[in-house]
Structure formats: C-alpha cells, structure tokens
Amino acid sequence: MKKILYSLMVCAGAFGFMSCNDSVEDNSRLTYYVVFTLPDGNALDGNAIEHQINTPFVAPEYAATENGEDVKSKVTVKGIDDVDATKIGIYPISYSAENADGFATTATQTVYVVNSAVTTDISGSYTVDNTASTCSDSGLAFENVLSIDIEKIATGIFSVSDFLGGLYDQQEGKGGDYAAAADVNLVQAFDANENSAINFLKSNSIELEDKKSVTVTNLSIASDGGEYTLEWDAAYDGKTFHIVAKKDIEGE
C-alpha cells in the first residue's frame, strides 16, 4: 500500500513540476492559405463564364493572395490551352498553389463556349410516349410512366438524363448506372412549328456500367407551339430503340 501511495505522490509531483515549468514549448501558429478571387472580389472557385463561339478567347482575370500578398506568380493553371473558341462545349480550368507551409489550395472555373443567339430553353421533364417509342426486343416495351429530364447548363447547352428513355434505369429497376446521360447543344433557336437538330458535345456513344455503349443517332427536337417533341434512335446490347419524349411548352 505504501508503494502505491509513494508512486501516486511521485506522479503528482511530476505533473506539478510540468505545469509550473515555463520552458514547455507551444508549437501552434497560424498558416495562411492562398485565396483565389475574381476582379470583383468574389470567390473564383465555382465561377462560370459564357464565351461567344468564333470570337477570340482571352484567359480570365483573377487574383491570388496569401495573407494579403500577391502570390499569382506561383499559381499553376491548367485547361486554358484546351478552350476551343471555335467549338461549342464545356471547358474546365483549374488553379492550384501552395502556401509558405506547403498547404495547397485549388479552385475550378468553367468556360462555356456558346452561341448566344440560341436562346430557346428546352429544359424540363419530358414524358416518354409509350405508344410511339419502340424496341426491337419484343420482350421489352415502354411503360406509360417513364420520363427523362433535361437540365439547362448554359445558353443552348443542356444535359439529358437518359437516352434509353428510362427503360433500364426506371422500368427495369437497374438505377442511374444504366441511364445513358449526356450533354448536348441546340443547333439553332426556334419558334413554333420549327425543328432543330441537337449535337452531342462529346460523343454520341455513351458507355454504361456494364461497359456496353448506347449509340444515339437522328436526335432532333420539334415544336408545334404547344409542346416540344424530342426524338431519337438508339442502339444498345444488340437491341435498337426509337424513342419519343414530349413536354408541354410553358409560357410560350
């Protein structure tokens, strides 16, 4: 029992000595990360720029500071040279720099090369027309509850959620890995009773989770003044599809 008490007293003394010892070093200190901003002072990260096709492209202006000091000279920028001002598309730019303590900061910016004259907005939820949509496999037929979504990304640029019309994603219950999503651009603006072709920003061949590709052809959209009709052909897994999807035109 005495040994235990003695040990406790020694430990208490050691802790007391450490608490009173002014030589204990505090290694904590501040570190300042590199901050990327736009000329107007807003954050650079997540910024998007629309650039008119077939006009000269100039690298975007930005500032990089560390604790208030200009450190732009040590910033690495990637993607500027990949922007093709002659081709509608989505071009990411990345910025990165390390501070004095070796901690990195990164920021991304997106340049959208667009045709500003293509103002028609085809975004929204489209219902797949199960009476007009067909599949070469007699065992597969489109139900009347399937839909696809079109999201507007920039002027004339859109993301289509599924070029298989929801057949595998929704009807067969395979989920989003079997939705053939892709980005497209509307070739021209149109009013009532006009048609417009749609181009793929990258490829019309979309690889799914099973490593098989959906190849889309004859993609077009039409307006009759009251609704948009999106139509295309697709080939996947030895089957061919003709898909028609429609959306009411709101406020037009």
# chains A, B, ... in the order shown; residues from 1 in each chain; ligands from 1
call {"tool": "residues_around", "arguments": {"residues": "A:Leu140", "least_positions_apart": "5", "cutoff": "12 Å", "atoms": "only C-alpha atoms", "output": "VMD selection string"}}
result
chain A and resid 130 133 to 135 167 to 168 171 to 172 239 to 241
call {"tool": "write_last_selection", "arguments": {"atoms": "N, CA and C atoms", "output": "PDB file, in the first residue's frame"}}
result
ATOM      1  N   ASN A 130     -45.146   6.209 -74.789  1.00  0.00           N
ATOM      2  CA  ASN A 130     -45.026   4.747 -74.877  1.00  0.00           C
ATOM      3  C   ASN A 130     -45.713   4.180 -76.118  1.00  0.00           C
ATOM      4  N   SER A 133     -42.794   5.051 -78.874  1.00  0.00           N
ATOM      5  CA  SER A 133     -41.456   4.541 -78.579  1.00  0.00           C
ATOM      6  C   SER A 133     -41.435   3.026 -78.725  1.00  0.00           C
ATOM      7  N   THR A 134     -40.416   2.506 -79.384  1.00  0.00           N
ATOM      8  CA  THR A 134     -40.368   1.070 -79.692  1.00  0.00           C
ATOM      9  C   THR A 134     -39.008   0.473 -79.363  1.00  0.00           C
ATOM     10  N   CYS A 135     -39.006  -0.845 -79.223  1.00  0.00           N
ATOM     11  CA  CYS A 135     -37.775  -1.610 -79.004  1.00  0.00           C
ATOM     12  C   CYS A 135     -37.818  -2.849 -79.882  1.00  0.00           C
ATOM     13  N   LEU A 167     -35.924   3.210 -69.673  1.00  0.00           N
ATOM     14  CA  LEU A 167     -36.298   1.802 -69.786  1.00  0.00           C
ATOM     15  C   LEU A 167     -35.539   0.925 -68.793  1.00  0.00           C
ATOM     16  N   TYR A 168     -34.219   1.110 -68.678  1.00  0.00           N
ATOM     17  CA  TYR A 168     -33.415   0.279 -67.772  1.00  0.00           C
ATOM     18  C   TYR A 168     -33.297   0.917 -66.389  1.00  0.00           C
ATOM     19  N   GLN A 171     -37.771   1.532 -65.424  1.00  0.00           N
ATOM     20  CA  GLN A 171     -38.685   0.402 -65.624  1.00  0.00           C
ATOM     21  C   GLN A 171     -38.081  -0.922 -65.175  1.00  0.00           C
ATOM     22  N   GLU A 172     -36.820  -1.162 -65.523  1.00  0.00           N
ATOM     23  CA  GLU A 172     -36.169  -2.422 -65.144  1.00  0.00           C
ATOM     24  C   GLU A 172     -35.514  -2.356 -63.774  1.00  0.00           C
ATOM     25  N   LYS A 239     -29.849  -4.451 -79.244  1.00  0.00           N
ATOM     26  CA  LYS A 239     -31.232  -4.016 -79.463  1.00  0.00           C
ATOM     27  C   LYS A 239     -31.241  -2.620 -80.083  1.00  0.00           C
ATOM     28  N   THR A 240     -32.291  -2.307 -80.805  1.00  0.00           N
ATOM     29  CA  THR A 240     -32.455  -0.963 -81.364  1.00  0.00           C
ATOM     30  C   THR A 240     -33.744  -0.355 -80.812  1.00  0.00           C
ATOM     31  N   PHE A 241     -33.686   0.956 -80.600  1.00  0.00           N
ATOM     32  CA  PHE A 241     -34.800   1.662 -79.988  1.00  0.00           C
ATOM     33  C   PHE A 241     -35.143   2.898 -80.821  1.00  0.00           C
TER      34      PHE A 241
END
call {"tool": "residues_around", "arguments": {"residues": "A:Val35", "least_positions_apart": "4", "cutoff": "9 Å", "atoms": "only C-alpha atoms", "output": "PyMOL selection string"}}
result
chain A and resi 43-44+63-68+105-106
call {"tool": "atom_distance", "arguments": {"atom1": "atom CA of A:Ser205", "atom2": "atom CA of A:Asp233"}}
result
12.0 Å
call {"tool": "atom_distance", "arguments": {"atom1": "atom CA of A:Gly225", "atom2": "atom CA of A:Phe163"}}
result
24.1 Å
call {"tool": "residues_around", "arguments": {"residues": "A:Leu30", "least_positions_apart": "2", "cutoff": "12 Å", "atoms": "only C-alpha atoms", "output": "number ranges by chain"}}
result
A: 27-28, 32-33, 67, 99-101
call {"tool": "select_by_dssp", "arguments": {"residues": "stretch 4-252 of chain A", "states": "strand (DSSP E or B)", "output": "NGL selection string"}}
result
:A and (34-37 or 43 or 47-52 or 63-66 or 69-70 or 76-78 or 89-98 or 104-114 or 124-128 or 134-135 or 147-154 or 157-160 or 182-186 or 194-200 or 205-207 or 213-223 or 227-236 or 239-248)
call {"tool": "closest_residue", "arguments": {"among": "A:Ile198, A:Leu208, A:Ile88, A:Ala180", "to": "A:Ala154", "atoms": "only C-alpha atoms"}}
result
A:Ile88
call {"tool": "closest_residue", "arguments": {"among": "A:Asp210, A:Ala104, A:Ala245, A:Phe190", "to": "A:Gly166", "atoms": "only C-alpha atoms"}}
result
A:Ala245
call {"tool": "closest_residue", "arguments": {"among": "A:His242, A:Glu207, A:Ile122, A:Gly139", "to": "A:Ile221", "atoms": "only C-alpha atoms"}}
result
A:Ile122
call {"tool": "decode", "arguments": {"residues": "stretch 203-216 of chain A", "atoms": "all heavy atoms", "output": "PDB file, in the first residue's frame"}}
result
ATOM      1  N   SER A 203     -19.345  12.709 -77.469  1.00  0.00           N
ATOM      2  CA  SER A 203     -19.609  11.594 -78.370  1.00  0.00           C
ATOM      3  C   SER A 203     -21.055  11.163 -78.263  1.00  0.00           C
ATOM      4  O   SER A 203     -21.684  11.294 -77.204  1.00  0.00           O
ATOM      5  CB  SER A 203     -18.699  10.411 -78.030  1.00  0.00           C
ATOM      6  OG  SER A 203     -19.058   9.256 -78.752  1.00  0.00           O
ATOM      7  N   ASN A 204     -21.595  10.645 -79.355  1.00  0.00           N
ATOM      8  CA  ASN A 204     -22.953  10.092 -79.324  1.00  0.00           C
ATOM      9  C   ASN A 204     -22.948   8.639 -78.863  1.00  0.00           C
ATOM     10  O   ASN A 204     -23.980   7.974 -78.876  1.00  0.00           O
ATOM     11  CB  ASN A 204     -23.612  10.192 -80.699  1.00  0.00           C
ATOM     12  CG  ASN A 204     -22.954   9.288 -81.728  1.00  0.00           C
ATOM     13  OD1 ASN A 204     -21.741   9.058 -81.677  1.00  0.00           O
ATOM     14  ND2 ASN A 204     -23.728   8.790 -82.673  1.00  0.00           N
ATOM     15  N   SER A 205     -21.784   8.151 -78.427  1.00  0.00           N
ATOM     16  CA  SER A 205     -21.658   6.810 -77.873  1.00  0.00           C
ATOM     17  C   SER A 205     -21.428   6.936 -76.366  1.00  0.00           C
ATOM     18  O   SER A 205     -20.421   7.509 -75.928  1.00  0.00           O
ATOM     19  CB  SER A 205     -20.496   6.054 -78.531  1.00  0.00           C
ATOM     20  OG  SER A 205     -20.400   4.738 -78.046  1.00  0.00           O
ATOM     21  N   ILE A 206     -22.374   6.429 -75.576  1.00  0.00           N
ATOM     22  CA  ILE A 206     -22.367   6.622 -74.124  1.00  0.00           C
ATOM     23  C   ILE A 206     -22.162   5.279 -73.449  1.00  0.00           C
ATOM     24  O   ILE A 206     -22.989   4.375 -73.574  1.00  0.00           O
ATOM     25  CB  ILE A 206     -23.691   7.246 -73.665  1.00  0.00           C
ATOM     26  CG1 ILE A 206     -24.012   8.497 -74.490  1.00  0.00           C
ATOM     27  CG2 ILE A 206     -23.663   7.550 -72.180  1.00  0.00           C
ATOM     28  CD1 ILE A 206     -25.477   8.889 -74.446  1.00  0.00           C
ATOM     29  N   GLU A 207     -21.067   5.127 -72.711  1.00  0.00           N
ATOM     30  CA  GLU A 207     -20.767   3.849 -72.058  1.00  0.00           C
ATOM     31  C   GLU A 207     -21.499   3.736 -70.731  1.00  0.00           C
ATOM     32  O   GLU A 207     -21.494   4.661 -69.912  1.00  0.00           O
ATOM     33  CB  GLU A 207     -19.263   3.697 -71.827  1.00  0.00           C
ATOM     34  CG  GLU A 207     -18.867   2.328 -71.289  1.00  0.00           C
ATOM     35  CD  GLU A 207     -17.372   2.139 -71.168  1.00  0.00           C
ATOM     36  OE1 GLU A 207     -16.712   1.899 -72.193  1.00  0.00           O
ATOM     37  OE2 GLU A 207     -16.880   2.255 -70.035  1.00  0.00           O
ATOM     38  N   LEU A 208     -22.133   2.584 -70.493  1.00  0.00           N
ATOM     39  CA  LEU A 208     -22.846   2.338 -69.250  1.00  0.00           C
ATOM     40  C   LEU A 208     -21.988   1.517 -68.287  1.00  0.00           C
ATOM     41  O   LEU A 208     -20.853   1.156 -68.584  1.00  0.00           O
ATOM     42  CB  LEU A 208     -24.166   1.616 -69.531  1.00  0.00           C
ATOM     43  CG  LEU A 208     -25.173   2.355 -70.419  1.00  0.00           C
ATOM     44  CD1 LEU A 208     -26.505   1.601 -70.434  1.00  0.00           C
ATOM     45  CD2 LEU A 208     -25.393   3.784 -69.946  1.00  0.00           C
ATOM     46  N   GLU A 209     -22.562   1.204 -67.127  1.00  0.00           N
ATOM     47  CA  GLU A 209     -21.839   0.490 -66.086  1.00  0.00           C
ATOM     48  C   GLU A 209     -21.388  -0.892 -66.552  1.00  0.00           C
ATOM     49  O   GLU A 209     -20.353  -1.401 -66.097  1.00  0.00           O
ATOM     50  CB  GLU A 209     -22.737   0.352 -64.842  1.00  0.00           C
ATOM     51  CG  GLU A 209     -22.085  -0.325 -63.653  1.00  0.00           C
ATOM     52  CD  GLU A 209     -20.953   0.491 -63.041  1.00  0.00           C
ATOM     53  OE1 GLU A 209     -20.879   1.713 -63.318  1.00  0.00           O
ATOM     54  OE2 GLU A 209     -20.147  -0.094 -62.307  1.00  0.00           O
ATOM     55  N   ASP A 210     -22.126  -1.507 -67.453  1.00  0.00           N
ATOM     56  CA  ASP A 210     -21.763  -2.838 -67.931  1.00  0.00           C
ATOM     57  C   ASP A 210     -20.707  -2.800 -69.036  1.00  0.00           C
ATOM     58  O   ASP A 210     -20.412  -3.822 -69.657  1.00  0.00           O
ATOM     59  CB  ASP A 210     -23.002  -3.588 -68.431  1.00  0.00           C
ATOM     60  CG  ASP A 210     -23.713  -2.838 -69.564  1.00  0.00           C
ATOM     61  OD1 ASP A 210     -23.192  -1.795 -70.015  1.00  0.00           O
ATOM     62  OD2 ASP A 210     -24.792  -3.296 -69.993  1.00  0.00           O
ATOM     63  N   LYS A 211     -20.134  -1.615 -69.277  1.00  0.00           N
ATOM     64  CA  LYS A 211     -19.089  -1.393 -70.285  1.00  0.00           C
ATOM     65  C   LYS A 211     -19.610  -1.489 -71.714  1.00  0.00           C
ATOM     66  O   LYS A 211     -18.826  -1.451 -72.672  1.00  0.00           O
ATOM     67  CB  LYS A 211     -17.905  -2.355 -70.096  1.00  0.00           C
ATOM     68  CG  LYS A 211     -17.262  -2.291 -68.715  1.00  0.00           C
ATOM     69  CD  LYS A 211     -16.806  -0.880 -68.358  1.00  0.00           C
ATOM     70  CE  LYS A 211     -16.179  -0.830 -66.972  1.00  0.00           C
ATOM     71  NZ  LYS A 211     -15.778   0.546 -66.591  1.00  0.00           N
ATOM     72  N   LYS A 212     -20.917  -1.624 -71.872  1.00  0.00           N
ATOM     73  CA  LYS A 212     -21.517  -1.590 -73.198  1.00  0.00           C
ATOM     74  C   LYS A 212     -21.969  -0.164 -73.491  1.00  0.00           C
ATOM     75  O   LYS A 212     -22.296   0.605 -72.578  1.00  0.00           O
ATOM     76  CB  LYS A 212     -22.708  -2.549 -73.274  1.00  0.00           C
ATOM     77  CG  LYS A 212     -22.323  -4.013 -73.058  1.00  0.00           C
ATOM     78  CD  LYS A 212     -23.559  -4.899 -73.015  1.00  0.00           C
ATOM     79  CE  LYS A 212     -23.175  -6.346 -72.729  1.00  0.00           C
ATOM     80  NZ  LYS A 212     -24.367  -7.228 -72.614  1.00  0.00           N
ATOM     81  N   SER A 213     -21.991   0.185 -74.773  1.00  0.00           N
ATOM     82  CA  SER A 213     -22.285   1.566 -75.150  1.00  0.00           C
ATOM     83  C   SER A 213     -23.671   1.715 -75.765  1.00  0.00           C
ATOM     84  O   SER A 213     -24.167   0.817 -76.456  1.00  0.00           O
ATOM     85  CB  SER A 213     -21.234   2.084 -76.132  1.00  0.00           C
ATOM     86  OG  SER A 213     -19.972   2.168 -75.504  1.00  0.00           O
ATOM     87  N   VAL A 214     -24.268   2.869 -75.481  1.00  0.00           N
ATOM     88  CA  VAL A 214     -25.512   3.285 -76.131  1.00  0.00           C
ATOM     89  C   VAL A 214     -25.126   4.270 -77.232  1.00  0.00           C
ATOM     90  O   VAL A 214     -24.520   5.306 -76.957  1.00  0.00           O
ATOM     91  CB  VAL A 214     -26.458   3.969 -75.135  1.00  0.00           C
ATOM     92  CG1 VAL A 214     -27.732   4.438 -75.838  1.00  0.00           C
ATOM     93  CG2 VAL A 214     -26.784   3.033 -73.980  1.00  0.00           C
ATOM     94  N   THR A 215     -25.445   3.940 -78.478  1.00  0.00           N
ATOM     95  CA  THR A 215     -25.132   4.820 -79.599  1.00  0.00           C
ATOM     96  C   THR A 215     -26.411   5.498 -80.072  1.00  0.00           C
ATOM     97  O   THR A 215     -27.385   4.839 -80.438  1.00  0.00           O
ATOM     98  CB  THR A 215     -24.502   4.038 -80.763  1.00  0.00           C
ATOM     99  OG1 THR A 215     -23.315   3.381 -80.290  1.00  0.00           O
ATOM    100  CG2 THR A 215     -24.135   4.971 -81.903  1.00  0.00           C
ATOM    101  N   VAL A 216     -26.392   6.832 -80.040  1.00  0.00           N
ATOM    102  CA  VAL A 216     -27.588   7.623 -80.351  1.00  0.00           C
ATOM    103  C   VAL A 216     -27.440   8.271 -81.722  1.00  0.00           C
ATOM    104  O   VAL A 216     -26.388   8.853 -82.035  1.00  0.00           O
ATOM    105  CB  VAL A 216     -27.812   8.705 -79.280  1.00  0.00           C
ATOM    106  CG1 VAL A 216     -29.067   9.526 -79.597  1.00  0.00           C
ATOM    107  CG2 VAL A 216     -27.916   8.078 -77.891  1.00  0.00           C
TER     108      VAL A 216
END
